[in-house]
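**Q** Enclosed is the structure file coords.cif (mmCIF, C-alpha atoms and all ligand atoms).
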```cif
data_run
loop_
_atom_site.label_atom_id
_atom_site.label_comp_id
_atom_site.auth_asym_id
_atom_site.auth_seq_id
_atom_site.Cartn_x
_atom_site.Cartn_y
_atom_site.Cartn_z
CA MET A 551 34.66 -96.80 26.26
CA ILE A 552 36.25 -96.34 29.70
CA ARG A 553 39.24 -98.44 28.56
CA LEU A 554 39.60 -96.21 25.51
CA ARG A 555 39.49 -93.06 27.65
CA LYS A 556 42.15 -94.48 29.99
CA LEU A 557 44.30 -95.39 26.98
CA ALA A 558 43.82 -91.90 25.57
CA ARG A 559 44.88 -90.35 28.91
CA ALA A 560 47.96 -92.59 29.06
CA ALA A 561 48.79 -91.74 25.48
CA SER A 562 48.52 -88.02 26.20
CA VAL A 563 51.10 -88.37 28.97
CA LEU A 564 53.48 -90.31 26.75
CA THR A 565 53.20 -88.24 23.61
CA THR A 566 53.75 -84.77 22.42
CA PRO A 567 53.05 -83.02 20.12
CA LEU A 568 50.78 -85.79 18.74
CA ALA A 569 47.20 -85.70 20.06
CA PRO A 570 46.20 -88.81 22.07
CA GLU A 571 43.79 -89.91 19.35
CA ASP A 572 46.63 -89.80 16.81
CA VAL A 573 48.58 -92.28 18.94
CA LEU A 574 45.54 -94.53 19.28
CA ALA A 575 45.20 -94.43 15.51
CA LEU A 576 48.67 -96.00 15.30
CA PHE A 577 47.34 -99.03 17.21
CA ASN A 578 43.98 -99.06 15.48
CA PRO A 579 43.94 -97.29 12.10
CA VAL A 580 40.18 -96.79 12.08
CA PHE A 581 40.17 -95.05 15.46
CA SER A 582 39.77 -91.30 15.25
CA ALA A 583 37.85 -89.03 17.56
CA ARG A 584 37.78 -86.40 14.80
CA GLN A 585 37.32 -88.19 11.50
CA LEU A 586 35.40 -91.33 10.61
CA ARG A 587 37.67 -93.86 8.90
CA GLY A 588 37.56 -97.34 7.43
CA VAL A 589 40.24 -99.91 6.75
CA VAL A 590 40.23 -101.64 3.37
CA THR A 591 39.77 -105.40 3.77
CA LYS A 592 39.66 -106.56 0.14
CA VAL A 593 39.89 -105.16 -3.40
CA VAL A 594 38.22 -107.12 -6.20
CA PRO A 595 38.68 -106.10 -9.86
CA GLU A 596 35.30 -106.08 -11.64
CA THR A 597 36.12 -105.01 -15.22
CA ALA A 598 39.26 -103.60 -16.90
CA ASP A 599 38.58 -100.19 -15.33
CA SER A 600 36.50 -100.82 -12.23
CA ALA A 601 37.00 -102.48 -8.86
CA THR A 602 35.08 -103.15 -5.66
CA ILE A 603 36.74 -101.97 -2.46
CA PHE A 604 35.49 -103.64 0.73
CA PHE A 605 36.17 -101.83 3.99
CA HIS A 606 35.55 -102.16 7.67
CA PRO A 607 34.36 -98.87 9.10
CA GLY A 608 35.39 -97.54 12.50
CA ARG A 609 33.18 -96.31 15.31
CA GLY A 610 30.60 -93.74 14.30
CA TRP A 611 29.61 -95.45 11.05
CA LYS A 612 25.86 -95.91 10.68
CA ALA A 613 24.72 -99.13 8.95
CA HIS A 614 23.69 -98.32 5.39
CA LYS A 615 20.32 -98.95 3.74
CA ALA A 616 20.48 -100.69 0.37
CA GLY A 617 20.92 -98.00 -2.32
CA GLN A 618 22.54 -95.33 -0.12
CA TRP A 619 25.89 -93.64 -0.79
CA ALA A 620 28.73 -92.33 1.32
CA ARG A 621 31.46 -89.74 0.90
CA ILE A 622 34.93 -91.22 0.69
CA GLY A 623 38.02 -89.10 1.30
CA VAL A 624 41.33 -89.85 -0.37
CA GLU A 625 44.58 -87.95 0.04
CA LEU A 626 46.35 -86.97 -3.19
CA ASP A 627 49.58 -85.00 -2.87
CA GLY A 628 48.73 -84.11 0.72
CA VAL A 629 45.26 -82.72 -0.13
CA ARG A 630 42.18 -84.66 0.96
CA HIS A 631 39.64 -85.05 -1.86
CA TRP A 632 36.09 -86.20 -1.19
CA ARG A 633 33.88 -88.04 -3.67
CA SER A 634 30.54 -89.81 -3.27
CA TYR A 635 30.15 -93.53 -3.93
CA SER A 636 27.08 -95.76 -3.74
CA LEU A 637 27.50 -98.68 -1.38
CA SER A 638 27.25 -101.85 -3.44
CA ALA A 639 27.23 -104.34 -0.53
CA PRO A 640 23.85 -105.56 0.75
CA ALA A 641 22.34 -103.90 3.82
CA GLY A 642 23.49 -105.60 7.01
CA GLN A 643 27.03 -106.28 5.78
CA ASP A 644 30.25 -104.29 5.94
CA PRO A 645 30.15 -101.65 3.21
CA ALA A 646 31.85 -101.80 -0.18
CA ILE A 647 32.12 -99.33 -3.03
CA THR A 648 32.43 -100.22 -6.70
CA VAL A 649 34.35 -97.54 -8.53
CA SER A 650 34.89 -96.92 -12.25
CA ASP A 651 38.13 -95.20 -13.16
CA VAL A 652 37.06 -91.96 -14.85
CA GLY A 653 39.27 -89.34 -13.21
CA ALA A 654 41.67 -88.31 -10.48
CA VAL A 655 40.14 -89.81 -7.32
CA SER A 656 38.43 -92.81 -8.92
CA GLY A 657 41.69 -93.65 -10.71
CA VAL A 658 43.58 -93.83 -7.43
CA LEU A 659 40.82 -95.86 -5.79
CA VAL A 660 40.67 -98.41 -8.62
CA ARG A 661 44.40 -98.70 -9.40
CA GLN A 662 46.21 -98.09 -6.13
CA THR A 663 44.03 -99.17 -3.20
CA LYS A 664 45.11 -102.29 -1.31
CA PRO A 665 44.04 -104.14 1.84
CA GLY A 666 45.14 -102.31 4.98
CA ASP A 667 44.78 -98.83 3.42
CA VAL A 668 42.72 -96.37 5.43
CA LEU A 669 39.85 -94.44 3.80
CA PHE A 670 38.29 -91.30 5.25
CA LEU A 671 34.53 -91.64 5.48
CA ALA A 672 31.29 -89.79 6.07
CA PRO A 673 28.15 -91.67 7.18
CA PRO A 674 25.84 -93.17 4.53
CA GLN A 675 23.02 -91.03 3.20
CA GLY A 676 20.52 -90.80 0.33
CA ASP A 677 16.88 -91.49 -0.50
CA PHE A 678 17.45 -93.89 -3.38
CA VAL A 679 16.28 -96.81 -1.26
CA LEU A 680 13.82 -99.68 -1.49
CA PRO A 681 10.11 -98.87 -0.99
CA GLU A 682 8.80 -99.24 2.54
CA HIS A 683 6.05 -101.63 1.42
CA PRO A 684 6.83 -104.48 -0.99
CA ARG A 685 6.00 -103.70 -4.63
CA PRO A 686 7.06 -105.22 -7.94
CA LEU A 687 10.18 -103.34 -9.00
CA LEU A 688 11.76 -102.32 -12.29
CA MET A 689 15.42 -101.28 -12.18
CA LEU A 690 16.98 -99.47 -15.14
CA THR A 691 20.74 -99.10 -14.95
CA ALA A 692 23.65 -98.28 -17.22
CA GLY A 693 27.40 -98.48 -16.65
CA SER A 694 28.46 -97.78 -13.06
CA GLY A 695 24.82 -96.91 -12.29
CA ILE A 696 24.39 -100.58 -11.38
CA THR A 697 26.13 -100.03 -8.00
CA PRO A 698 23.26 -98.84 -5.75
CA VAL A 699 20.85 -101.22 -7.48
CA MET A 700 23.26 -104.12 -6.88
CA SER A 701 22.98 -103.43 -3.17
CA MET A 702 19.18 -103.51 -3.46
CA VAL A 703 19.20 -106.74 -5.50
CA ARG A 704 21.61 -108.44 -3.09
CA THR A 705 19.52 -107.31 -0.12
CA LEU A 706 16.16 -108.29 -1.51
CA VAL A 707 16.35 -111.14 -4.01
CA PRO A 708 17.98 -113.98 -1.98
CA HIS A 709 16.06 -113.18 1.21
CA ARG A 710 12.54 -112.26 0.10
CA PRO A 711 10.71 -114.92 -1.92
CA ASP A 712 7.82 -112.45 -2.28
CA ALA A 713 10.09 -109.94 -4.07
CA ASP A 714 9.52 -109.39 -7.79
CA VAL A 715 12.43 -107.58 -9.43
CA VAL A 716 13.11 -106.90 -13.11
CA LEU A 717 16.50 -105.40 -13.95
CA ILE A 718 17.45 -103.98 -17.35
CA HIS A 719 21.16 -103.25 -17.28
CA SER A 720 22.95 -101.55 -20.13
CA ALA A 721 26.70 -101.77 -20.80
CA ARG A 722 28.81 -101.48 -23.92
CA THR A 723 29.91 -105.15 -24.00
CA PRO A 724 29.73 -108.17 -21.64
CA GLN A 725 33.33 -107.43 -20.63
CA ASP A 726 32.35 -103.88 -19.56
CA SER A 727 29.34 -105.06 -17.61
CA ILE A 728 29.97 -104.77 -13.86
CA PHE A 729 28.56 -107.71 -11.81
CA HIS A 730 27.60 -109.46 -15.05
CA GLU A 731 28.19 -112.99 -13.75
CA GLU A 732 26.66 -112.52 -10.33
CA LEU A 733 23.51 -111.00 -11.84
CA SER A 734 23.12 -113.90 -14.26
CA GLU A 735 23.65 -116.41 -11.45
CA LEU A 736 21.07 -114.69 -9.24
CA ALA A 737 18.57 -114.74 -12.12
CA ASP A 738 19.22 -118.48 -12.64
CA GLN A 739 18.84 -119.22 -8.94
CA PHE A 740 15.88 -117.03 -7.98
CA PRO A 741 12.68 -117.01 -10.06
CA ASN A 742 11.69 -113.70 -8.40
CA PHE A 743 14.50 -111.92 -10.30
CA ARG A 744 14.73 -111.33 -14.05
CA VAL A 745 17.67 -109.60 -15.70
CA THR A 746 18.12 -108.32 -19.25
CA HIS A 747 21.71 -107.51 -20.19
CA TRP A 748 21.51 -104.86 -22.91
CA TYR A 749 24.76 -104.39 -24.83
CA THR A 750 24.90 -101.07 -26.63
CA GLY A 751 27.87 -102.35 -28.72
CA GLU A 752 25.47 -104.86 -30.33
CA ARG A 753 22.02 -103.26 -30.12
CA GLY A 754 22.61 -99.51 -29.78
CA ARG A 755 21.27 -97.47 -26.90
CA LEU A 756 18.07 -98.35 -25.12
CA ASP A 757 15.38 -96.23 -26.72
CA PHE A 758 13.23 -94.31 -24.26
CA GLY A 759 11.84 -92.13 -27.07
CA SER A 760 8.77 -94.37 -27.11
CA THR A 761 7.43 -97.17 -24.93
CA THR A 762 8.06 -99.90 -27.55
CA GLN A 763 11.30 -101.37 -26.14
CA LEU A 764 10.08 -101.18 -22.57
CA GLU A 765 6.87 -103.01 -23.50
CA GLU A 766 9.00 -105.78 -25.02
CA LEU A 767 11.43 -106.07 -22.12
CA CYS A 768 8.97 -105.60 -19.27
CA PRO A 769 5.33 -105.61 -20.40
CA ASP A 770 3.96 -104.67 -16.96
CA TRP A 771 6.44 -101.78 -16.44
CA ARG A 772 3.67 -99.31 -15.60
CA GLN A 773 2.65 -101.40 -12.57
CA ARG A 774 6.17 -101.44 -11.11
CA ALA A 775 7.94 -98.99 -8.82
CA ALA A 776 10.80 -97.93 -11.09
CA TYR A 777 14.35 -96.95 -10.21
CA ALA A 778 17.04 -95.65 -12.56
CA CYS A 779 20.74 -94.91 -12.23
CA GLY A 780 23.22 -94.27 -15.03
CA PRO A 781 24.70 -91.54 -17.23
CA GLU A 782 22.91 -88.23 -17.50
CA GLU A 783 21.41 -88.69 -20.96
CA PHE A 784 20.09 -92.17 -20.07
CA LEU A 785 18.38 -90.71 -16.99
CA ASP A 786 17.05 -87.62 -18.78
CA ASP A 787 15.46 -89.80 -21.48
CA ALA A 788 13.93 -92.21 -18.95
CA GLU A 789 12.65 -89.29 -16.87
CA ALA A 790 10.99 -87.72 -19.92
CA LEU A 791 9.27 -91.02 -20.81
CA TRP A 792 7.98 -91.55 -17.27
CA SER A 793 6.76 -87.93 -17.02
CA SER A 794 4.75 -88.16 -20.20
CA GLU A 795 3.28 -91.53 -19.18
CA ALA A 796 2.43 -90.18 -15.72
CA ALA A 797 0.67 -87.18 -17.28
CA ALA A 798 -1.34 -89.47 -19.60
CA HIS A 799 -2.16 -91.78 -16.66
CA GLU A 800 -3.33 -88.87 -14.50
CA LYS A 801 -5.51 -87.58 -17.33
CA ALA A 802 -7.10 -91.01 -17.80
CA ALA A 803 -7.63 -91.70 -14.08
CA PRO A 804 -7.44 -88.42 -12.14
CA GLY A 805 -7.78 -87.97 -8.42
CA PRO A 806 -6.83 -89.78 -5.23
CA PHE A 807 -8.40 -93.10 -6.24
CA ALA A 808 -6.14 -93.63 -9.24
CA ALA A 809 -3.97 -96.78 -9.18
CA ASP A 810 -0.34 -96.53 -7.93
CA PRO A 811 1.19 -93.49 -9.62
CA ILE A 812 3.65 -94.04 -12.46
CA ASN A 813 6.80 -92.97 -10.74
CA LEU A 814 10.51 -93.16 -11.49
CA ILE A 815 13.08 -92.68 -8.71
CA ILE A 816 16.40 -91.48 -10.05
CA GLU A 817 19.95 -91.45 -8.67
CA ARG A 818 22.40 -89.19 -10.49
CA PHE A 819 26.19 -89.44 -10.24
CA ASN A 820 26.87 -86.18 -12.04
CA THR A 821 25.11 -83.22 -13.54
CA SER A 822 26.02 -80.95 -16.42
CA LEU A 823 27.02 -77.41 -15.57
CA VAL A 824 26.42 -74.81 -18.27
CA GLY A 825 29.47 -73.17 -16.78
CA GLY A 826 30.84 -69.69 -16.48
CA ALA A 827 33.48 -69.99 -19.21
CA GLY A 828 34.29 -66.60 -20.63
CA HIS A 829 33.14 -64.81 -17.46
CA ASP A 830 35.54 -63.22 -14.98
CA GLY A 831 36.16 -64.80 -11.60
CA GLY A 832 37.88 -62.94 -8.79
CA LEU A 833 39.79 -63.14 -5.55
CA VAL A 834 38.15 -65.67 -3.20
CA THR A 835 38.76 -65.16 0.51
CA PHE A 836 38.13 -68.03 2.92
CA GLU A 837 37.87 -65.86 6.00
CA THR A 838 38.15 -68.24 8.95
CA SER A 839 40.87 -70.29 7.26
CA ASP A 840 42.72 -67.09 6.35
CA ARG A 841 43.32 -68.13 2.72
CA GLU A 842 43.03 -66.04 -0.44
CA VAL A 843 43.06 -67.51 -3.94
CA GLU A 844 42.52 -66.05 -7.40
CA ALA A 845 39.75 -68.09 -9.08
CA ASP A 846 38.36 -68.13 -12.63
CA GLY A 847 34.65 -67.75 -13.33
CA ASN A 848 34.16 -71.39 -14.22
CA THR A 849 35.57 -73.41 -11.30
CA PRO A 850 33.21 -74.36 -8.45
CA LEU A 851 34.16 -72.62 -5.19
CA LEU A 852 34.24 -76.09 -3.61
CA ASP A 853 37.16 -77.08 -5.85
CA VAL A 854 38.84 -73.70 -5.38
CA GLY A 855 38.73 -74.14 -1.61
CA GLU A 856 39.87 -77.76 -1.64
CA ASP A 857 42.78 -76.96 -3.95
CA ALA A 858 43.78 -74.22 -1.51
CA GLY A 859 43.77 -76.73 1.37
CA VAL A 860 40.59 -75.41 3.01
CA LEU A 861 38.53 -78.14 4.70
CA MET A 862 35.36 -77.60 2.64
CA PRO A 863 32.11 -79.40 3.55
CA SER A 864 30.69 -81.37 0.61
CA GLY A 865 28.41 -84.24 -0.36
CA CYS A 866 27.05 -85.03 -3.82
CA ARG A 867 29.13 -82.29 -5.55
CA MET A 868 26.30 -81.60 -7.99
CA GLY A 869 23.78 -79.34 -6.32
CA ILE A 870 21.45 -81.89 -4.78
CA CYS A 871 22.29 -82.55 -1.14
CA HIS A 872 23.10 -79.05 0.22
CA SER A 873 26.00 -80.42 2.33
CA CYS A 874 28.32 -77.79 0.84
CA LEU A 875 26.39 -74.69 1.92
CA LEU A 876 28.56 -71.84 3.21
CA PRO A 877 27.56 -68.31 4.24
CA LEU A 878 28.58 -65.59 1.80
CA ARG A 879 30.19 -62.65 3.55
CA ALA A 880 30.66 -60.42 0.49
CA GLY A 881 30.58 -60.50 -3.30
CA GLN A 882 28.51 -62.42 -5.83
CA VAL A 883 28.64 -65.90 -7.32
CA ARG A 884 27.50 -67.48 -10.60
CA ASP A 885 25.25 -70.54 -10.46
CA LEU A 886 27.02 -72.86 -12.91
CA ARG A 887 23.79 -74.73 -13.68
CA THR A 888 21.84 -71.70 -14.86
CA GLY A 889 24.45 -68.97 -15.39
CA GLU A 890 22.53 -66.72 -12.98
CA VAL A 891 24.61 -64.30 -10.86
CA HIS A 892 23.40 -63.77 -7.29
CA GLY A 893 24.53 -63.18 -3.74
CA GLU A 894 23.57 -61.16 -0.67
CA PRO A 895 25.71 -61.00 2.50
CA GLY A 896 24.62 -63.88 4.77
CA GLN A 897 23.11 -65.93 1.94
CA LEU A 898 23.99 -69.63 1.98
CA ILE A 899 25.91 -70.62 -1.15
CA GLN A 900 26.06 -74.10 -2.72
CA THR A 901 29.78 -74.06 -3.35
CA CYS A 902 29.75 -77.18 -5.57
CA VAL A 903 27.72 -75.42 -8.28
CA SER A 904 28.80 -71.78 -7.74
CA ALA A 905 31.81 -69.93 -9.10
CA ALA A 906 33.19 -66.51 -8.25
CA ALA A 907 31.64 -63.62 -10.20
CA GLY A 908 34.10 -61.01 -8.94
CA PRO A 909 35.73 -60.92 -5.49
CA VAL A 910 34.02 -63.28 -3.02
CA ASN A 911 34.35 -63.72 0.74
CA LEU A 912 33.15 -66.98 2.29
CA GLU A 913 32.75 -67.80 5.95
CA ILE A 914 34.98 -70.80 6.43
C1 LIG A 1001 25.37 -90.03 -5.11
C2 LIG A 1001 26.57 -90.44 -5.96
C3 LIG A 1001 26.93 -91.77 -6.04
C4 LIG A 1001 28.01 -92.15 -6.83
N1 LIG A 1001 28.33 -93.46 -6.92
C5 LIG A 1001 29.35 -93.86 -7.69
C6 LIG A 1001 29.68 -95.24 -7.81
O1 LIG A 1001 29.05 -96.11 -7.19
N2 LIG A 1001 30.71 -95.60 -8.62
C7 LIG A 1001 31.43 -94.66 -9.31
O2 LIG A 1001 32.38 -95.04 -10.04
N3 LIG A 1001 31.14 -93.35 -9.22
C8 LIG A 1001 30.13 -92.92 -8.43
N4 LIG A 1001 29.85 -91.59 -8.32
C9 LIG A 1001 30.70 -90.62 -9.04
C10 LIG A 1001 31.89 -90.23 -8.15
O3 LIG A 1001 31.45 -89.49 -7.03
C11 LIG A 1001 32.90 -89.35 -8.88
O4 LIG A 1001 32.25 -88.26 -9.46
C12 LIG A 1001 33.65 -90.11 -9.95
O5 LIG A 1001 34.35 -91.21 -9.38
C13 LIG A 1001 34.66 -89.18 -10.65
O6 LIG A 1001 35.54 -88.64 -9.69
P1 LIG A 1001 37.07 -88.41 -10.10
O7 LIG A 1001 37.72 -87.59 -9.06
O8 LIG A 1001 37.72 -89.68 -10.45
O9 LIG A 1001 36.92 -87.59 -11.45
P2 LIG A 1001 37.21 -86.06 -11.64
O10 LIG A 1001 38.66 -85.91 -11.81
O11 LIG A 1001 36.48 -85.25 -10.62
O12 LIG A 1001 36.42 -85.87 -13.03
C14 LIG A 1001 36.93 -86.41 -14.23
C15 LIG A 1001 35.91 -86.37 -15.35
O13 LIG A 1001 34.99 -87.45 -15.20
C16 LIG A 1001 33.66 -87.00 -15.36
N5 LIG A 1001 32.83 -87.87 -14.53
C17 LIG A 1001 32.51 -87.70 -13.23
N6 LIG A 1001 31.75 -88.72 -12.81
C18 LIG A 1001 31.60 -89.54 -13.87
C19 LIG A 1001 30.94 -90.78 -14.07
N7 LIG A 1001 30.25 -91.38 -13.08
N8 LIG A 1001 31.00 -91.35 -15.30
C20 LIG A 1001 31.68 -90.78 -16.29
N9 LIG A 1001 32.32 -89.60 -16.17
C21 LIG A 1001 32.29 -89.00 -14.98
C22 LIG A 1001 33.68 -85.59 -14.90
O14 LIG A 1001 32.64 -84.83 -15.52
C23 LIG A 1001 35.05 -85.13 -15.38
O15 LIG A 1001 35.01 -84.70 -16.70
C24 LIG A 1001 28.76 -91.18 -7.54
C25 LIG A 1001 28.40 -89.82 -7.43
C26 LIG A 1001 27.33 -89.46 -6.65
C27 LIG A 1001 26.95 -88.00 -6.57
S1 LIG A 1002 27.79 -81.01 -2.32
FE1 LIG A 1002 25.70 -81.60 -2.52
S2 LIG A 1002 24.75 -79.71 -3.04
FE2 LIG A 1002 26.83 -79.23 -3.02
#
```
If you took the structure in this file and wrote it as structure tokens, what would it be?
**A**
Amino acid sequence: MIRLRKLARAASVLTTPLAPEDVLALFNPVFSARQLRGVVTKVVPETADSATIFFHPGRGWKAHKAGQWARIGVELDGVRHWRSYSLSAPAGQDPAITVSDVGAVSGVLVRQTKPGDVLFLAPPQGDFVLPEHPRPLLMLTAGSGITPVMSMVRTLVPHRPDADVVLIHSARTPQDSIFHEELSELADQFPNFRVTHWYTGERGRLDFGSTTQLEELCPDWRQRAAYACGPEEFLDDAEALWSSEAAAHEKAAPGPFAADPINLIIERFNTSLVGGAGHDGGLVTFETSDREVEADGNTPLLDVGEDAGVLMPSGCRMGICHSCLLPLRAGQVRDLRTGEVHGEPGQLIQTCVSAAAGPVNLEI
């Protein structure tokens, strides 16, 4: 620490107009007093359109728990874009993200990242983590939803003989199935882990409309702590099934002495916004940053600010984590999830799910 301070002082004498920490970053790319960074150590293709990026984080990174996610910042055309990615590496190891190419940022991460590149980072967060006390587990995943669960499986299965994990993973084909080989090898090696690969190309979608398929694939599913991660419809259907079973269970055995509750823990990567299409937006003023932009009534204020070069706080980008809250100074916004228009001066606005409904002033 003292050596770093001395080096920073020396650098400040030798350099101008660069800040001392900028010079230190030239020697050590993950050093930054202002912004957490990580240097990419390895990139491993997983399927035709996904890859795992391993990175070594700089000082300030907090070790992740299996199942957590982190925000990753990538610069595109000089603008820093932040997206959230689950950490697929087991707890206790350097982090890795496994990204599917579905859009602007993920495309760059999958296709263009190479060892030595520097990623901007925010510390790991999230409650989609293993239970505190050991319990038999059922994991339901589809597509890239395998990533947080892979971290849990890698953390638990090889190291805890008392673990009991059933994974049902859905993908279109074996070629599209991320971690397909490693999962099969783990299942061969460890009797405490069972995996069903469900290929929708051959068998259609998993049916959560009734309990029939679940009973076949995991007869004791009601006794297991269940986790699910995947596309929205997959999660909505699983959630509906678990809710109705939980209601029936509560009716049959009410009160505090009932057996372990039937409970499904869900991690969502995106959420559908009903949108503000057809509604007017307005002039958005980012007061502290001294920027003004004309916005439509359908674009989240988070995107409007980022596109204008304003350093917007963000996290999940779908209305869950509240990292994007900003005080409203004037005007009203539309909640893109419900269509509701609201806003009082001083109110905190979730910019990732709110669009301008007329002129808006934000404190940032
Ligand atoms: C907690 C959390 C964890 C996440 N973990 C992962 C992860 O481990 N791996 C991963 O690949 N992504 C993960 N995501 C999604 C990721 O944050 C981005 O949303 C995704 O990479 C798309 O960003 P983009 O800039 O490439 O696409 P954009 O250009 O922003 O969007 C392009 C289009 O893709 C759609 N889209 C967004 N996300 C998905 C998706 N997951 N599947 C299909 N279509 C999508 C959008 O609706 C949009 O139409 C996670 C998201 C959250 C909130
Ligand atoms: S970024 Fe998470 S709620 Fe807006």
**Q** How far is it from CA of Leu688 in chain A to CA of Met700 in chain A, in Å with one decimal?
**A**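 Between these atoms lies a distance of 12.8 Å.
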**Q** Please write out the residues within 7 Å of ligand LIG 1001 (chain A) as JSON, numbers by chain, counting all atoms listed in the file.
**A** {"A": [619, 633, 634, 635, 636, 637, 647, 648, 649, 650, 651, 652, 653, 654, 655, 656, 657, 694, 695, 697, 698, 781, 817, 818, 819, 820, 866, 867, 868]}
**Q** For the atom pair CA of Ser873 in chain A and CA of Asp787 in chain A, what is the interatomic distance in Å to one decimal place?
**A**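 CA of Asp787 in chain A lies 27.7 Å from CA of Ser873 in chain A.
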**Q** Using all atoms listed in the file, I'd like a table of the residues in chain A that come within 7 Å of ligand LIG 1002 (chain A); for each, show the closest atom pair and its distance in Å rounded to one decimal, ordered by chain and ascending number, as a Markdown table.
**A**
```
| residue | atom | partner | partner_atom | distance |
| --- | --- | --- | --- | --- |
| A:Ser864 | CA | A:LIG1002 | S1 | 4.1 |
| A:Gly865 | CA | A:LIG1002 | S1 | 3.8 |
| A:Cys866 | CA | A:LIG1002 | FE1 | 3.9 |
| A:Arg867 | CA | A:LIG1002 | S1 | 3.7 |
| A:Met868 | CA | A:LIG1002 | FE1 | 5.5 |
| A:Gly869 | CA | A:LIG1002 | S2 | 3.4 |
| A:Ile870 | CA | A:LIG1002 | S2 | 4.3 |
| A:Cys871 | CA | A:LIG1002 | FE1 | 3.8 |
| A:His872 | CA | A:LIG1002 | S2 | 3.7 |
| A:Ser873 | CA | A:LIG1002 | FE1 | 5.0 |
| A:Cys874 | CA | A:LIG1002 | FE2 | 4.4 |
| A:Leu875 | CA | A:LIG1002 | FE2 | 6.7 |
| A:Gln900 | CA | A:LIG1002 | FE2 | 5.2 |
| A:Thr901 | CA | A:LIG1002 | FE2 | 6.0 |
| A:Cys902 | CA | A:LIG1002 | FE2 | 4.4 |
| A:Val903 | CA | A:LIG1002 | FE2 | 6.6 |
```
**Q** As an exercise, work out the distance from CA of Gly881 in chain A to CA of Thr821 in chain A in Å and give it to one decimal place.
**A** 25.5 Å
**Q** Measuring atom to atom with only C-alpha atoms, identify which of A:Cys768, A:Leu833, A:Leu733, A:Ala641 is nearest to Leu706 in chain A.
**A**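 Counting only C-alpha atoms, the residue closest to Leu706 in chain A is A:Ala641.
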**Q** Restricting the calculation to only C-alpha atoms, which member of A:His892, A:Leu814, A:Gln643, A:Pro769 is positioned closest to Phe678 in chain A?
**A**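 For Phe678 in chain A, the nearest of the candidates is A:Leu814.
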**Q** Which one is closest to Ala797 in chain A: A:Thr762, A:Leu687, A:Ile812, A:Leu823? Count all atoms listed in the file.
**A**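 Checking each candidate against Ala797 in chain A, we get A:Ile812 as the closest.
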**Q** Within 10 Å of Thr705 in chain A, counting only C-alpha atoms, which residues show up once you throw out same-chain ones fewer than 4 positions away? Write them as a ChimeraX atom specification, please.
**A** /A:615-617,639-643,680,699-701,709-710
**Q** Rank nothing, just name the residue among A:His719, A:Asp757, A:His683, A:Ile899 nearest to Asp885 in chain A, using all atoms listed in the file.
**A**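 Going through A:His719, A:Asp757, A:His683, A:Ile899 one by one, the smallest distance to Asp885 in chain A is for A:Ile899.
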**Q** Take the point (17.5, -100.8, -15.0) in the file's coordinates, draw a sphere of radius 9 Å around it, and report as a tab-separated table (two decimals) with C-alpha atoms, keeping the file's coordinate frame every protein, DNA or RNA residue with an atom inside or on it, counting only C-alpha atoms.
**A**
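selection-v1.tsv, freshly written:
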```tsv
chain	number	residue	atom	x	y	z
A	688	LEU	CA	11.76	-102.32	-12.29
A	689	MET	CA	15.42	-101.28	-12.18
A	690	LEU	CA	16.98	-99.47	-15.14
A	691	THR	CA	20.74	-99.10	-14.95
A	692	ALA	CA	23.65	-98.28	-17.22
A	695	GLY	CA	24.82	-96.91	-12.29
A	696	ILE	CA	24.39	-100.58	-11.38
A	699	VAL	CA	20.85	-101.22	-7.48
A	716	VAL	CA	13.11	-106.90	-13.11
A	717	LEU	CA	16.50	-105.40	-13.95
A	718	ILE	CA	17.45	-103.98	-17.35
A	719	HIS	CA	21.16	-103.25	-17.28
A	720	SER	CA	22.95	-101.55	-20.13
A	745	VAL	CA	17.67	-109.60	-15.70
A	746	THR	CA	18.12	-108.32	-19.25
A	776	ALA	CA	10.80	-97.93	-11.09
A	777	TYR	CA	14.35	-96.95	-10.21
A	778	ALA	CA	17.04	-95.65	-12.56
A	779	CYS	CA	20.74	-94.91	-12.23
A	780	GLY	CA	23.22	-94.27	-15.03
```
**Q** Residues within 9 Å of range 794-796 of chain A, please, as a PyMOL selection string. Count all atoms listed in the file; anything in the same chain fewer than 3 positions from it doesn't count.
**A** chain A and resi 772+789-791+799-801+811-813
**Q** Return the single residue from A:Ile815, A:Leu852, A:Ala613, A:Val824 that is closest to Asp644 in chain A, with distances computed using all atoms listed in the file.
**A**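 Checking each candidate against Asp644 in chain A, we get A:Ala613 as the closest.
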**Q** Taking into account only C-alpha atoms, which residue in the set A:Thr761, A:Thr888, A:Gln773, A:Ser638 is nearest to Arg704 in chain A?
**A**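 Ranked by minimum distance to Arg704 in chain A, first place goes to A:Ser638.
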**Q** Give me, as JSON, numbers by chain, all polymer residues having an atom no more than 12 Å from Trp611 in chain A, counting all atoms listed in the file and skipping those fewer than 5 positions away in the same chain.
**A** {"A": [580, 581, 582, 585, 586, 587, 588, 605, 606, 620, 621, 644, 645, 670, 671, 672, 673, 674, 675]}
**Q** Excluding Asp712 in chain A and any residue of its chain fewer than 2 positions from it, enumerate the residues within 10 Å of it, using all atoms listed in the file, and give them as a list in words.
**A** Pro684, Arg685, Pro686, Leu706, Val707, His709, Arg710, Asp714, Val715 and Asn742 of chain A
**Q** Output the selection as a short mmCIF file (atom, residue, chain, number, x, y, z; two decimals), keeping the file's coordinate frame - C-alpha atoms for each residue.
**A**
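Dumped to selection07.cif:
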```cif
data_model
loop_
_atom_site.label_atom_id
_atom_site.label_comp_id
_atom_site.auth_asym_id
_atom_site.auth_seq_id
_atom_site.Cartn_x
_atom_site.Cartn_y
_atom_site.Cartn_z
CA PRO A 684 6.83 -104.48 -0.99
CA ARG A 685 6.00 -103.70 -4.63
CA PRO A 686 7.06 -105.22 -7.94
CA LEU A 706 16.16 -108.29 -1.51
CA VAL A 707 16.35 -111.14 -4.01
CA HIS A 709 16.06 -113.18 1.21
CA ARG A 710 12.54 -112.26 0.10
CA ASP A 714 9.52 -109.39 -7.79
CA VAL A 715 12.43 -107.58 -9.43
CA ASN A 742 11.69 -113.70 -8.40
#
```
